[in-house]
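A short write-up of the structure that comes next.
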Amino acid sequence: MKYRNAICACAALTCIAPAWAQGEDEAKVDNQFGATGMVTMYGLIDQGVEYVNNVANGKKGTTNAFRMGDGTATSYWGIRGSEDLGGGMRAIFDLQGGFMPSNGTLRQGGRLFGRQSYVGLDDNTYGRLTFGRQYTMRFYATSFINPFGTGAQGLTTLDNGIANARADNSVSYRYFRGGFEGGVNYSFGRDAVNGNPASAAAANCPGQTTPSNECREYSAMAKYDGNTWGVATSYERLYGGTSATFGGLTSPKLTDSRFTLGGYFKIKEAKVGVGWIRRDDEGISTPKSNLLWVTGTVPVTPFFYVDGMVAGLKYDHSANKALVLVLRGEYILSKRTFLYLTAEHIHNYGNLALAATTITPVPTPPPGSSQVSVIAGIRHTF
């Protein structure tokens, strides 16, 4: 028995000795450079019950449906951290993954960290340089004039790129000075995941291994965000890949470009925003379109807010267009939790069949018809 106890003790010491040694080595490095770091886990969970009408049902005509899904924002969790390197410079990283609370599956084509996955340096004077999967500059130019964000209603129903302004294998630089922000992004292969052909978040366009423009992305942005007003503009171009690439961009000669311009102003506590996206998507038969919107956010009480939006999408030289009306009420229970009721009405013209919601599966109406989506839910951040 004594021999067995001695053997167990030696085995335990053998297992933990490398950990001790590693800890001592890390401590020596920390002491040498005076490094201090911080790691934070964070996230958002949004879940609601939706009613949607006029869903196309093949030869049976249309139907109405009740179901569950995200309402005001797509749910995510993440780990981010920073280390003070001295002189106003920090090493930073962010790993952020989207998921569906209703069934626990991953979003963004099944990626573990599909929303963001980057590492880089952030300097108080010279700006931020990061590498990995991250938002393109178009996201930063539109997010502050879009109160409906990446939720199931709003601009996402008219342009699937609103919720998918990200690129794999990218180098990004952003510069900050007061209320001004400028930035550029370049991707060597914008989307390395082969997902569902219907998914805009997994286009099967990895690039990287070819010197041509195949699957490249570049974008640039300039923005001013002040106390009472702001304005922003951006330009983004996506290059196509091969015949296996989803979304119609089946050759590097085909591109999808978006120019954005927008701004906001405040009247006391109310905020009004306007925006415009000029798009040229060579992967579809009618490539050029204009998306215009007006939004408003009004605090009725310190605990109750109302958001509204009117948006229109029109394709050049075509009868295809859509008009969207959205109204949302939010009741704040705490600084991290609120309840909401949101509704969208979309009317399609021509052969368009855009849905009033992006909750999957997307319940498209018959071409040229209208649809209503109503979602009641709860949102919590941590």
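Simple scheme: letters A, B, ... for chains in structure tokens order, numbers from 1 for residues in each chain, numbers from 1 for ligands in the order shown.
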Among stretch 64-117 of chain A, which ones does DSSP assign to strand (DSSP E) (computed from the backbone)? Answer as a PDB file with C-alpha atoms, in the first residue's frame.
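Produced file out.pdb, reproduced below:
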ATOM      1  CA  ASN A  64     -49.775  31.827 -42.119  1.00  0.00           C
ATOM      2  CA  ALA A  65     -47.272  30.683 -39.514  1.00  0.00           C
ATOM      3  CA  PHE A  66     -46.239  30.991 -35.852  1.00  0.00           C
ATOM      4  CA  ARG A  67     -42.613  30.219 -34.959  1.00  0.00           C
ATOM      5  CA  MET A  68     -39.564  31.260 -32.891  1.00  0.00           C
ATOM      6  CA  GLY A  69     -36.357  33.108 -33.719  1.00  0.00           C
ATOM      7  CA  TYR A  76     -23.832  35.768 -30.210  1.00  0.00           C
ATOM      8  CA  TRP A  77     -21.186  35.100 -27.580  1.00  0.00           C
ATOM      9  CA  GLY A  78     -17.560  36.076 -27.519  1.00  0.00           C
ATOM     10  CA  ILE A  79     -14.204  36.349 -25.784  1.00  0.00           C
ATOM     11  CA  ARG A  80     -12.122  39.481 -26.188  1.00  0.00           C
ATOM     12  CA  GLY A  81      -8.989  40.689 -24.492  1.00  0.00           C
ATOM     13  CA  SER A  82      -6.208  43.216 -24.451  1.00  0.00           C
ATOM     14  CA  GLU A  83      -2.695  43.544 -23.100  1.00  0.00           C
ATOM     15  CA  ASP A  84      -1.071  46.877 -22.267  1.00  0.00           C
ATOM     16  CA  LEU A  85       2.242  47.082 -24.106  1.00  0.00           C
ATOM     17  CA  GLY A  86       3.074  50.542 -22.834  1.00  0.00           C
ATOM     18  CA  MET A  89      -0.257  50.635 -27.355  1.00  0.00           C
ATOM     19  CA  ARG A  90      -2.235  47.447 -26.671  1.00  0.00           C
ATOM     20  CA  ALA A  91      -2.348  43.965 -28.126  1.00  0.00           C
ATOM     21  CA  ILE A  92      -5.999  43.022 -28.739  1.00  0.00           C
ATOM     22  CA  PHE A  93      -8.057  40.052 -29.874  1.00  0.00           C
ATOM     23  CA  ASP A  94     -11.745  39.256 -30.342  1.00  0.00           C
ATOM     24  CA  LEU A  95     -13.406  35.875 -30.931  1.00  0.00           C
ATOM     25  CA  GLN A  96     -17.152  36.224 -31.553  1.00  0.00           C
ATOM     26  CA  GLY A  97     -19.532  33.510 -32.687  1.00  0.00           C
ATOM     27  CA  GLY A  98     -23.180  33.670 -33.706  1.00  0.00           C
ATOM     28  CA  GLN A 116     -15.333  38.043 -35.744  1.00  0.00           C
ATOM     29  CA  SER A 117     -12.012  36.310 -35.190  1.00  0.00           C
TER      30      SER A 117
END
Counting only C-alpha atoms, what is within 12 Å of A:Arg166, bar same-chain residues fewer than 3 positions away, as an NGL selection string? :A and (108 or 113-118 or 132-140 or 160-163 or 169-172 or 185-187 or 189-192 or 200-203 or 217-219 or 236 or 238)
Rounded to one decimal, what separation in Å do you get between atom CA of A:Ala165 and atom CA of A:Thr245? 17.3 Å
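Between atom CA of A:Asp225 and atom CA of A:Leu129 the separation is 20.8 Å.
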Quick one: everything within 12 Å of A:Ala322, counting only C-alpha atoms, minus sequence neighbours fewer than 6 positions away in the same chain. Send it as a PyMOL selection string. chain A and resi 155+157-159+289-293+310-315+345-356+367-371
Excluding same-chain residues fewer than 5 positions from stretch 207-214 of chain A, what lies within 7 Å of it counting only C-alpha atoms, as a PDB file with C-alpha atoms, in the first residue's frame?
ATOM      1  CA  PHE A 188      -7.144  37.764 -49.668  1.00  0.00           C
ATOM      2  CA  GLY A 189     -10.110  35.350 -49.648  1.00  0.00           C
ATOM      3  CA  TYR A 239     -14.785  39.737 -56.393  1.00  0.00           C
ATOM      4  CA  GLY A 240     -16.216  36.445 -57.598  1.00  0.00           C
ATOM      5  CA  GLY A 241     -14.631  33.026 -57.432  1.00  0.00           C
ATOM      6  CA  PRO A 252     -13.221  36.820 -60.698  1.00  0.00           C
TER       7      PRO A 252
END
Using only C-alpha atoms, find each residue of stretch 115-196 of chain A with at least one atom at most 12 Å away from an atom of stretch 40-63 of chain A; report its shortest atom-to-atom pair and that distance in Å (one decimal), sort the rows by chain and rising residue number, and return the result as CSV.
residue,atom,partner,partner_atom,distance
A:Arg115,CA,A:Gly43,CA,11.7
A:Thr150,CA,A:Asp46,CA,11.6
A:Gly151,CA,A:Asp46,CA,9.3
A:Ala152,CA,A:Glu50,CA,10.1
A:Gln153,CA,A:Glu50,CA,11.2
Just N, CA and C atoms for this one: save the residues we selected as an mmCIF file, in the first residue's frame.
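Saved result, selection.cif, follows:
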data_model
loop_
_atom_site.group_PDB
_atom_site.id
_atom_site.type_symbol
_atom_site.label_atom_id
_atom_site.label_comp_id
_atom_site.auth_asym_id
_atom_site.auth_seq_id
_atom_site.Cartn_x
_atom_site.Cartn_y
_atom_site.Cartn_z
ATOM 1 N N ARG A 115 -18.665 35.576 -36.484
ATOM 2 C CA ARG A 115 -18.905 37.021 -36.533
ATOM 3 C C ARG A 115 -17.594 37.790 -36.587
ATOM 4 N N THR A 150 -28.820 44.037 -37.314
ATOM 5 C CA THR A 150 -28.857 42.743 -38.000
ATOM 6 C C THR A 150 -30.067 41.919 -37.585
ATOM 7 N N GLY A 151 -31.084 42.580 -37.028
ATOM 8 C CA GLY A 151 -32.280 41.875 -36.592
ATOM 9 C C GLY A 151 -33.074 41.302 -37.753
ATOM 10 N N ALA A 152 -34.169 40.624 -37.405
ATOM 11 C CA ALA A 152 -34.965 39.910 -38.418
ATOM 12 C C ALA A 152 -35.754 40.852 -39.307
ATOM 13 N N GLN A 153 -35.905 42.112 -38.901
ATOM 14 C CA GLN A 153 -36.674 43.070 -39.694
ATOM 15 C C GLN A 153 -35.816 44.299 -39.992
#
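The shell of residues at most 7 Å from stretch 257-260 of chain A, with only C-alpha atoms counted and near chain neighbours (fewer than 6 positions) removed, consists of A:Thr233, A:Ser234, A:Tyr235, A:Glu236, A:Arg237, A:Leu238, A:Trp276, A:Ile277, A:Arg278, A:Arg279, A:Asp280, A:Asp281.
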According to DSSP computed on the backbone, where in stretch 84-301 of chain A is there alpha helix (DSSP H)? Give the residues as a count of residues only. 6
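For the atom pair formed by atom CA of A:Pro287 and atom CA of A:Thr142, the distance is 21.1 Å, given to one decimal.
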